[in-house]
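To start, the structure itself, in structure tokens.
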Amino acid sequence: MIMMNPNLPEFIKYEEIPAFIELGGLESYLDRDLKVFEKIDGGNCQVRNIRGWNLVGGSRANFLKGPKAHVHLWFEKFLKWMYSNHSLYNIPQEIVLFGEWSGNHSIVYERKNIDKFFVIDVLDLESRRFIDYGLARELLDAKKVQGLNFLDELVSGKVDLQTVGRLLEEPSKYYSGNKEGLVIKDYRSDPQLFMKLYHPSASEKVPIETGGIDYLTPARYVKAVFRIMEERDIGKVRREEIVCEVVKDVMAEENICVRDAVVRKRLSRFLESGVLSSINKNIY
């Protein structure tokens, strides 16, 4: 959490959600009241209504004010949408509206789903808990907040591994391709339990035939680049910054130390082979 200037409140970041590599890892968490959603590939953002008359937008890392608002094209598009949507002034001051701004990362969605604000969660600032997704939608509808895109609840209640596997393999609702993954949420637990399961094509770690796990996938490098750009408010990333971020990410998520030289070599191989073409323009 980051403190800004006195005219802005405490910045509240949407925390990272633990990722699972295989269906089996989820089994012990499924015997509970869950909601399952398709994971949207986009830029994490938020809207706050400060003092009832001041709309403030945020990225993954900070409020978008001053020069920060122009670092990325999607920042500008998101803020233009926010400031032109007067119904957002109906958002209660005691919540944070978190979303994904679609169409600016790896997946190219259908035109009708590009540059849209998809609601991912609503945080109650008093309890510091996320409001049940259905209840959050009812709240925003009651306040007549418009221009929002809500995710379908693919499953609500207890779910088995076969159902999760089927949902993961079904095509995306938002374009003609694979889902990026699923997000599975238990709003009732304390602390609240949120998990994500990536489709193999978008996973940051994959099993290898000889046993073990490969943690250095193209998806991990792509996500690292976007994370660096959005958290540091920059438009281009040096190769060594990517190496450091990937090393840090694997340690944070898996408690595994990967040598810089290995990460650097894999990055070079990915760049030469073209599998990172979606982010080549952002690397120097």
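Each chain in the structure tokens gets a letter, A, B and so on, in the order shown; residues start at 1 in every chain, and ligands are counted from 1 in the order they appear.
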
Can you pull out the residues contacting A:Glu94? Cut-off 8 Å, using only C-alpha atoms, and skip same-chain residues under 3 positions away; I want them as a list in words. Asp124, Leu125 and Glu126 of chain A

Check which residues of stretch 84-107 of chain A sit at most 12 Å from stretch 209-220 of chain A using only C-alpha atoms, and return one row each with the closest pair of atoms and their distance in Å to one decimal, ordered by chain and rising number, as a tab-separated table.
residue	atom	partner	partner_atom	distance
A:His105	CA	A:Ala219	CA	11.0
A:Ser106	CA	A:Ala219	CA	9.0
A:Ile107	CA	A:Ala219	CA	11.4

Residue contacts of A:Glu110 (7 Å, only C-alpha atoms) excluding same-chain residues fewer than 2 positions away, as a PyMOL selection string: chain A and resi 108+112-114+174-175

Restricting it to N, CA and C atoms, dump the selection as a CSV table (one decimal), in the first residue's frame.
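Wrote it out as out-v1.csv, contents follow:
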chain,number,residue,atom,x,y,z
A,108,VAL,N,-5.8,-10.9,-28.0
A,108,VAL,CA,-6.5,-9.9,-28.8
A,108,VAL,C,-8.0,-10.3,-28.8
A,112,LYS,N,-15.6,-5.9,-29.9
A,112,LYS,CA,-16.6,-5.4,-29.0
A,112,LYS,C,-16.2,-5.6,-27.5
A,113,ASN,N,-15.1,-6.4,-27.3
A,113,ASN,CA,-14.6,-6.6,-25.9
A,113,ASN,C,-13.3,-6.0,-25.7
A,114,ILE,N,-12.8,-5.1,-26.6
A,114,ILE,CA,-11.5,-4.5,-26.4
A,114,ILE,C,-11.8,-3.1,-25.8
A,174,TYR,N,-15.0,-14.3,-24.9
A,174,TYR,CA,-14.7,-13.0,-25.4
A,174,TYR,C,-13.9,-12.9,-26.7
A,175,TYR,N,-13.4,-14.1,-27.2
A,175,TYR,CA,-12.8,-14.2,-28.5
A,175,TYR,C,-12.7,-15.6,-28.9

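The two atoms in question, atom CA of A:Lys116 and atom CA of A:Trp81, are spaced 8.8 Å apart.
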
Compile the contact shell of stretch 191-194 of chain A as JSON, numbers by chain: residues with an atom at most 10 Å away, counting only C-alpha atoms, same-chain residues fewer than 5 positions apart removed. {"A": [16, 17, 18, 19, 29, 34, 35, 36, 129, 130, 183, 184, 185, 186]}

Go ahead and save the residues from that selection, with all heavy atoms, as a CSV table (one decimal), in the first residue's frame.
chain,number,residue,atom,x,y,z
A,16,GLU,N,-1.8,-10.0,-5.5
A,16,GLU,CA,-1.6,-11.2,-6.4
A,16,GLU,C,-2.4,-12.4,-5.9
A,16,GLU,O,-2.5,-12.6,-4.7
A,16,GLU,CB,-0.1,-11.5,-6.5
A,16,GLU,CG,0.7,-10.5,-7.2
A,16,GLU,CD,0.4,-10.5,-8.7
A,16,GLU,OE1,0.0,-11.6,-9.2
A,16,GLU,OE2,0.6,-9.5,-9.4
A,17,ILE,N,-2.9,-13.2,-6.8
A,17,ILE,CA,-3.7,-14.4,-6.5
A,17,ILE,C,-2.8,-15.6,-6.8
A,17,ILE,O,-2.2,-15.7,-7.8
A,17,ILE,CB,-5.0,-14.5,-7.4
A,17,ILE,CG1,-5.9,-13.3,-7.0
A,17,ILE,CG2,-5.7,-15.8,-7.1
A,17,ILE,CD1,-7.1,-13.2,-7.9
A,18,PRO,N,-2.7,-16.5,-5.8
A,18,PRO,CA,-1.9,-17.7,-6.1
A,18,PRO,C,-2.3,-18.5,-7.3
A,18,PRO,O,-3.5,-18.6,-7.6
A,18,PRO,CB,-2.1,-18.6,-4.8
A,18,PRO,CG,-2.6,-17.6,-3.8
A,18,PRO,CD,-3.3,-16.5,-4.5
A,19,ALA,N,-1.3,-19.0,-8.1
A,19,ALA,CA,-1.6,-19.7,-9.3
A,19,ALA,C,-1.3,-21.2,-9.1
A,19,ALA,O,-0.3,-21.6,-8.5
A,19,ALA,CB,-0.8,-19.1,-10.4
A,29,TYR,N,-9.3,-27.7,-2.1
A,29,TYR,CA,-9.9,-26.4,-1.9
A,29,TYR,C,-11.3,-26.4,-2.4
A,29,TYR,O,-12.0,-25.3,-2.3
A,29,TYR,CB,-9.1,-25.3,-2.6
A,29,TYR,CG,-7.7,-25.2,-2.0
A,29,TYR,CD1,-6.6,-25.8,-2.7
A,29,TYR,CD2,-7.4,-24.5,-0.9
A,29,TYR,CE1,-5.3,-25.6,-2.2
A,29,TYR,CE2,-6.1,-24.4,-0.4
A,29,TYR,CZ,-5.1,-24.9,-1.1
A,29,TYR,OH,-3.8,-24.8,-0.6
A,34,LEU,N,-17.9,-21.8,-3.7
A,34,LEU,CA,-17.0,-21.2,-4.6
A,34,LEU,C,-17.8,-20.5,-5.8
A,34,LEU,O,-18.9,-20.8,-6.1
A,34,LEU,CB,-16.0,-22.2,-5.2
A,34,LEU,CG,-15.1,-22.9,-4.2
A,34,LEU,CD1,-14.4,-24.0,-5.0
A,34,LEU,CD2,-14.1,-21.9,-3.6
A,35,LYS,N,-17.1,-19.5,-6.4
A,35,LYS,CA,-17.6,-18.9,-7.6
A,35,LYS,C,-16.4,-19.0,-8.6
A,35,LYS,O,-15.2,-18.6,-8.2
A,35,LYS,CB,-18.0,-17.5,-7.4
A,35,LYS,CG,-19.3,-17.3,-6.5
A,35,LYS,CD,-19.7,-15.9,-6.4
A,35,LYS,CE,-20.9,-15.8,-5.4
A,35,LYS,NZ,-22.1,-16.4,-5.9
A,36,VAL,N,-16.7,-19.4,-9.8
A,36,VAL,CA,-15.6,-19.6,-10.8
A,36,VAL,C,-15.9,-18.6,-12.0
A,36,VAL,O,-17.0,-18.6,-12.5
A,36,VAL,CB,-15.6,-21.0,-11.3
A,36,VAL,CG1,-14.5,-21.2,-12.4
A,36,VAL,CG2,-15.4,-22.0,-10.2
A,129,ARG,N,-12.7,-6.4,3.1
A,129,ARG,CA,-13.1,-7.7,2.5
A,129,ARG,C,-13.8,-7.4,1.2
A,129,ARG,O,-14.4,-6.4,1.0
A,129,ARG,CB,-14.0,-8.5,3.4
A,129,ARG,CG,-13.4,-9.1,4.6
A,129,ARG,CD,-14.4,-9.8,5.5
A,129,ARG,NE,-15.0,-11.0,4.8
A,129,ARG,CZ,-14.5,-12.2,4.8
A,129,ARG,NH1,-13.3,-12.4,5.3
A,129,ARG,NH2,-15.2,-13.2,4.1
A,130,PHE,N,-13.6,-8.3,0.2
A,130,PHE,CA,-14.3,-8.2,-1.1
A,130,PHE,C,-15.7,-8.6,-0.9
A,130,PHE,O,-16.0,-9.6,-0.2
A,130,PHE,CB,-13.6,-9.1,-2.1
A,130,PHE,CG,-12.2,-8.6,-2.5
A,130,PHE,CD1,-11.1,-9.3,-2.1
A,130,PHE,CD2,-12.1,-7.4,-3.3
A,130,PHE,CE1,-9.8,-8.9,-2.4
A,130,PHE,CE2,-10.8,-7.0,-3.6
A,130,PHE,CZ,-9.7,-7.7,-3.2
A,183,VAL,N,-10.5,-18.0,-12.6
A,183,VAL,CA,-10.3,-17.5,-11.2
A,183,VAL,C,-11.3,-18.1,-10.4
A,183,VAL,O,-12.5,-18.1,-10.7
A,183,VAL,CB,-10.3,-16.0,-11.2
A,183,VAL,CG1,-10.0,-15.5,-9.8
A,183,VAL,CG2,-9.3,-15.4,-12.2
A,184,ILE,N,-10.9,-18.7,-9.2
A,184,ILE,CA,-11.8,-19.4,-8.3
A,184,ILE,C,-11.8,-18.7,-7.0
A,184,ILE,O,-10.7,-18.5,-6.4
A,184,ILE,CB,-11.4,-20.9,-8.2
A,184,ILE,CG1,-11.3,-21.5,-9.6
A,184,ILE,CG2,-12.3,-21.6,-7.3
A,184,ILE,CD1,-10.7,-22.9,-9.5
A,185,LYS,N,-13.0,-18.3,-6.5
A,185,LYS,CA,-13.1,-17.4,-5.3
A,185,LYS,C,-14.0,-18.0,-4.3
A,185,LYS,O,-15.1,-18.4,-4.6
A,185,LYS,CB,-13.5,-16.0,-5.7
A,185,LYS,CG,-12.6,-15.3,-6.8
A,185,LYS,CD,-13.2,-14.0,-7.2
A,185,LYS,CE,-12.3,-13.3,-8.2
A,185,LYS,NZ,-12.7,-12.0,-8.6
A,186,ASP,N,-13.5,-17.9,-3.0
A,186,ASP,CA,-14.4,-18.2,-1.9
A,186,ASP,C,-14.5,-16.9,-1.1
A,186,ASP,O,-13.6,-16.4,-0.3
A,186,ASP,CB,-13.7,-19.2,-1.0
A,186,ASP,CG,-14.6,-19.6,0.2
A,186,ASP,OD1,-15.6,-18.9,0.5
A,186,ASP,OD2,-14.2,-20.5,1.0

Quick one: pick out all strand (DSSP E or B) residues within stretch 26-272 of chain A from a backbone DSSP run and write them as a PyMOL selection string. chain A and resi 34-38+42-50+54-58+63+95-102+117-124+129-130+149-150+155-157+171+178+181-186+193-198+206-207+213-214+237

Nearest-residue call for A:Ile50, choices A:Gly147, A:Pro9, A:Gly157, A:Pro67, using only C-alpha atoms: A:Pro9
